[in-house]
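Chemist: Input file: query_1.csv. Contents: CSV, C-alpha atoms.
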```csv
chain,number,residue,atom,x,y,z
A,1,MET,CA,46.6,-99.4,84.9
A,2,LYS,CA,50.4,-99.4,85.3
A,3,ARG,CA,52.3,-102.6,85.0
A,4,LEU,CA,55.0,-103.3,87.6
A,5,ASN,CA,58.4,-104.3,86.1
A,6,PHE,CA,60.4,-106.6,88.4
A,7,PHE,CA,63.5,-106.3,86.2
A,8,SER,CA,65.6,-103.3,87.1
A,9,LYS,CA,68.4,-101.7,85.2
A,10,GLY,CA,71.1,-103.0,87.7
A,11,PHE,CA,73.3,-106.1,87.8
A,12,THR,CA,72.2,-109.3,89.5
A,13,LEU,CA,74.4,-111.0,92.2
A,14,ILE,CA,75.3,-113.8,89.7
A,15,GLU,CA,76.5,-111.3,87.1
A,16,MET,CA,78.7,-109.5,89.7
A,17,LEU,CA,80.2,-112.8,90.9
A,18,VAL,CA,81.0,-113.8,87.3
A,19,VAL,CA,82.7,-110.5,86.6
A,20,VAL,CA,84.7,-110.7,89.9
A,21,GLY,CA,85.8,-114.2,89.0
A,22,VAL,CA,86.9,-113.3,85.5
A,23,VAL,CA,88.9,-110.3,86.9
A,24,ALA,CA,90.4,-112.6,89.5
A,25,LEU,CA,91.6,-114.9,86.7
A,26,VAL,CA,92.9,-112.3,84.3
A,27,LEU,CA,94.6,-109.9,86.8
A,28,PRO,CA,97.5,-112.3,87.8
A,29,ALA,CA,98.2,-112.9,84.1
A,30,VAL,CA,98.3,-109.1,83.5
A,31,PHE,CA,100.6,-108.6,86.4
A,32,SER,CA,102.8,-111.5,85.3
A,33,ILE,CA,103.2,-109.9,81.9
A,34,VAL,CA,104.0,-106.4,83.3
A,35,PHE,CA,106.6,-107.8,85.7
A,36,SER,CA,108.3,-109.9,83.0
A,37,ILE,CA,108.5,-106.8,80.8
A,38,LEU,CA,110.1,-104.8,83.7
A,39,ARG,CA,112.6,-107.6,84.3
A,40,GLN,CA,113.5,-107.6,80.6
A,41,GLN,CA,113.9,-103.9,80.7
A,42,ALA,CA,116.3,-104.3,83.7
A,43,LYS,CA,118.4,-106.8,81.7
A,44,VAL,CA,118.4,-104.5,78.6
A,45,TYR,CA,119.6,-101.6,80.8
A,46,ALA,CA,122.4,-103.7,82.2
A,47,LEU,CA,123.5,-104.8,78.8
A,48,GLN,CA,123.3,-101.3,77.4
A,49,GLU,CA,125.5,-100.0,80.2
A,50,ILE,CA,128.1,-102.7,79.7
A,51,ARG,CA,128.1,-102.1,76.0
A,52,ARG,CA,128.4,-98.4,76.3
A,53,GLN,CA,131.3,-98.5,78.7
A,54,GLY,CA,133.0,-101.5,77.0
A,55,ASP,CA,132.9,-99.9,73.6
A,56,PHE,CA,134.3,-96.7,75.1
A,57,VAL,CA,137.2,-98.5,76.7
A,58,LEU,CA,137.9,-100.5,73.5
A,59,ASN,CA,137.8,-97.4,71.3
A,60,SER,CA,139.9,-95.3,73.7
A,61,VAL,CA,142.6,-98.0,74.0
A,62,ARG,CA,142.6,-98.7,70.2
A,63,THR,CA,142.8,-95.0,69.2
A,64,THR,CA,145.5,-94.2,71.7
A,65,LEU,CA,147.7,-97.2,71.0
A,66,LYS,CA,147.2,-97.0,67.2
A,67,ASN,CA,147.9,-93.3,67.0
A,68,TYR,CA,150.6,-92.7,69.6
A,69,ALA,CA,152.3,-95.9,70.9
A,70,VAL,CA,155.6,-96.8,69.2
A,71,SER,CA,157.1,-99.4,71.5
A,72,VAL,CA,156.2,-101.8,74.2
A,73,HIS,CA,158.0,-102.1,77.6
A,74,SER,CA,157.9,-104.2,80.7
A,75,ALA,CA,158.6,-101.4,83.2
A,76,SER,CA,158.4,-97.7,83.7
A,77,PRO,CA,160.1,-95.5,82.7
A,78,PRO,CA,160.5,-97.3,79.4
A,79,ASP,CA,163.9,-97.6,77.9
A,80,ASP,CA,165.8,-99.8,75.6
A,81,THR,CA,166.7,-102.4,78.3
A,82,ASN,CA,163.0,-103.2,79.1
A,83,GLN,CA,161.6,-103.2,75.6
A,84,LEU,CA,159.3,-106.1,74.7
A,85,CYS,CA,158.3,-107.8,71.4
A,86,VAL,CA,161.5,-106.7,69.6
A,87,ALA,CA,162.4,-110.0,68.0
A,88,PRO,CA,160.1,-111.9,65.7
A,89,GLY,CA,158.2,-114.8,67.3
A,90,THR,CA,158.2,-113.2,70.8
A,91,SER,CA,155.3,-112.4,72.9
A,92,SER,CA,154.7,-111.0,76.4
A,93,SER,CA,151.9,-110.4,78.8
A,94,GLY,CA,151.5,-108.9,82.3
A,95,GLN,CA,151.9,-105.2,83.1
A,96,ILE,CA,152.8,-103.5,79.9
A,97,TYR,CA,153.8,-99.9,79.3
A,98,PHE,CA,153.7,-98.1,76.0
A,99,LYS,CA,156.1,-95.4,74.9
A,100,ASP,CA,155.0,-92.7,72.4
A,101,ARG,CA,157.1,-90.7,70.0
A,102,PHE,CA,157.5,-87.9,72.5
A,103,ASN,CA,159.1,-90.4,75.1
A,104,ASN,CA,156.0,-90.3,77.3
A,105,TYR,CA,154.6,-93.6,78.5
A,106,LEU,CA,151.1,-94.9,79.4
A,107,SER,CA,149.7,-98.1,80.7
A,108,TYR,CA,146.3,-99.7,81.4
A,109,SER,CA,145.3,-101.6,84.5
A,110,VAL,CA,142.4,-102.6,86.8
A,111,ASP,CA,142.4,-100.7,90.1
A,112,SER,CA,141.3,-101.9,93.5
A,113,GLU,CA,137.7,-100.9,92.7
A,114,ASN,CA,137.6,-103.2,89.6
A,115,ILE,CA,137.7,-100.2,87.3
A,116,ILE,CA,139.8,-100.0,84.1
A,117,ALA,CA,142.2,-97.1,84.4
A,118,SER,CA,144.8,-95.5,82.2
A,119,SER,CA,148.0,-94.1,83.7
A,120,SER,CA,150.2,-91.7,81.8
A,121,SER,CA,153.5,-89.9,82.5
A,122,ILE,CA,152.1,-86.7,81.1
A,123,PRO,CA,149.6,-85.7,83.8
A,124,SER,CA,151.2,-88.3,86.2
A,125,SER,CA,147.8,-89.5,87.2
A,126,SER,CA,145.3,-92.2,86.6
A,127,ILE,CA,142.1,-91.7,84.5
A,128,ASN,CA,139.2,-94.1,85.0
A,129,LEU,CA,137.8,-95.4,81.7
A,130,THR,CA,134.9,-97.2,83.4
A,131,ASN,CA,132.7,-96.2,86.3
A,132,ASN,CA,131.2,-98.0,89.3
A,133,LYS,CA,128.2,-99.3,87.3
A,134,VAL,CA,130.3,-102.0,85.8
A,135,ARG,CA,133.2,-104.1,87.2
A,136,VAL,CA,136.1,-105.8,85.6
A,137,ASP,CA,137.6,-109.1,87.0
A,138,PRO,CA,141.3,-108.4,87.3
A,139,SER,CA,142.1,-112.0,86.3
A,140,GLU,CA,140.1,-111.5,83.0
A,141,PHE,CA,141.9,-108.3,82.0
A,142,SER,CA,145.0,-108.8,79.9
A,143,ILE,CA,147.2,-106.9,77.5
A,144,LYS,CA,149.6,-109.0,75.4
A,145,CYS,CA,152.0,-108.1,72.7
A,146,GLU,CA,153.4,-110.3,70.0
A,147,ARG,CA,155.6,-109.8,66.9
A,148,SER,CA,155.5,-112.1,63.9
A,149,ARG,CA,158.4,-110.6,61.9
A,150,VAL,CA,161.0,-108.0,62.1
A,151,SER,CA,159.5,-105.8,59.4
A,152,ALA,CA,156.1,-105.8,61.1
A,153,PRO,CA,155.2,-103.7,64.2
A,154,PRO,CA,154.1,-105.4,67.3
A,155,ILE,CA,150.4,-106.5,67.6
A,156,ILE,CA,148.7,-105.8,70.9
A,157,THR,CA,145.9,-108.0,72.1
A,158,VAL,CA,143.5,-106.4,74.6
A,159,SER,CA,141.0,-108.7,76.4
A,160,TYR,CA,138.6,-108.1,79.3
A,161,VAL,CA,135.2,-109.1,80.6
A,162,LEU,CA,132.8,-106.4,81.9
A,163,GLU,CA,130.1,-107.3,84.3
A,164,TYR,CA,127.1,-105.2,85.5
A,165,ASN,CA,127.8,-104.2,89.1
A,166,SER,CA,124.8,-105.7,90.8
A,167,ASN,CA,124.6,-107.6,94.1
A,168,SER,CA,121.4,-109.2,93.0
A,169,VAL,CA,121.1,-112.9,92.4
A,170,ARG,CA,118.3,-112.5,89.9
A,171,PRO,CA,119.5,-113.4,86.4
A,172,GLU,CA,117.9,-110.3,84.8
A,173,ASP,CA,120.0,-108.1,87.0
A,174,ASN,CA,123.3,-109.7,86.0
A,175,ALA,CA,125.0,-109.4,82.7
A,176,SER,CA,128.5,-109.7,81.3
A,177,PHE,CA,130.2,-109.3,78.0
A,178,ARG,CA,133.7,-110.2,76.8
A,179,TYR,CA,135.7,-107.7,74.7
A,180,GLN,CA,138.8,-108.6,72.7
A,181,THR,CA,140.7,-106.8,70.0
A,182,LYS,CA,144.0,-106.8,68.3
A,183,ILE,CA,145.8,-103.5,67.6
A,184,GLN,CA,148.8,-103.1,65.3
A,185,LEU,CA,151.2,-100.4,66.4
A,186,LYS,CA,152.3,-97.8,63.8
A,187,SER,CA,155.9,-97.8,62.9
A,188,PHE,CA,157.3,-94.3,63.2
```
Could you take the file, read its structure, and then write that structure out as structure tokens?
Modeler:
Amino acid sequence: MKRLNFFSKGFTLIEMLVVVGVVALVLPAVFSIVFSILRQQAKVYALQEIRRQGDFVLNSVRTTLKNYAVSVHSASPPDDTNQLCVAPGTSSSGQIYFKDRFNNYLSYSVDSENIIASSSSIPSSSINLTNNKVRVDPSEFSIKCERSRVSAPPIITVSYVLEYNSNSVRPEDNASFRYQTKIQLKSF
């Protein structure tokens, strides 16, 4: 005679309810972890973009001024009457123009779209050094010159703050970084 087995190979209702309850408790924690990782990646991307463009601007300005600029001026075209930082102990800020050894001039400024641009007398045009992914506060952008002694060339201080160009109010979508460097002009 065959014996009837009342226990089947499926799950009972109680086992199913326990599994659904555990999944309901674990799933929000998993989503929370995934979304926090995505937010952190957004912050890392913003900082990487700021760092990439900020380093490019800093290196470009440093290389150009160090290798080509010979004098500092308050107006364009640069001449002997508007030369800055000639006497020791003097300093100047505002719109500054640099003259190279070929009597061409260049300057750096922030345009209406909050982009750092380089203007030169050679192509008579403006070249953007940053793009629209970052913005520069014009009040935070400054180029200053100072001269400590007659025998030393002027020292140029470049300072600016780059911000990630985001309209979001979430902290992970916003980032900023301050750049500052001092450049000693070569004496030709």
Chemist: Take atom CA of Tyr108 of chain A and atom CA of Lys43 of chain A and report the distance between them in Å, one decimal.
Modeler: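 Atom CA of Lys43 of chain A lies at a distance of 28.8 Å from atom CA of Tyr108 of chain A.
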Chemist: Near segment 124-132 of chain A, within 10 Å and counting only C-alpha atoms, which residues show up once chain neighbours fewer than 3 positions away are dropped, as number ranges by chain?
Modeler: A: 50, 52-54, 56-58, 60-61, 105-111, 113-121, 135-136, 162, 164-165
Chemist: Atom CA of Phe177 of chain A and atom CA of Ala42 of chain A, how far apart in Å?
Modeler: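 Pair atom CA of Ala42 of chain A / atom CA of Phe177 of chain A returns 15.8 Å.
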Chemist: Pick out the residues sitting within 9 Å of Ala75 of chain A, and hand them over as a ChimeraX atom specification; count only C-alpha atoms, and ignore anything fewer than 4 positions along from it in its own chain.
Modeler: /A:79,82-83,95-97
Chemist: Produce a file of the selected residues containing C-alpha atoms, as a compact mmCIF listing (two decimals), keeping the file's coordinate frame.
Modeler:
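To be explicit, this is the file written out as selection06.txt:
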```txt
# COMPACT_ATOMS: atom_id res chain seq x y z
CA ASP A 79 163.90 -97.60 77.90
CA ASN A 82 163.00 -103.20 79.10
CA GLN A 83 161.60 -103.20 75.60
CA GLN A 95 151.90 -105.20 83.10
CA ILE A 96 152.80 -103.50 79.90
CA TYR A 97 153.80 -99.90 79.30
```
Chemist: Using only C-alpha atoms, list the residues that have an atom at most 12 Å from (151.5, -105.6, 74.8), coordinates as in the file, as a PyMOL selection string.
Modeler: chain A and resi 61+65+69-75+83-86+90-99+106-108+142-147+153-159+181-185
Chemist: Would you work out the distance separating atom CA of Gln48 of chain A from atom CA of Arg178 of chain A, expressed in Å to one decimal?
Modeler: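 The value is 13.7 Å.
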Chemist: My list of candidates is A:Pro78, A:Gln40, A:Ala87, A:Met16. Which is closest to Ser151 of chain A when distances are computed with all atoms listed in the file?
Modeler: A:Ala87
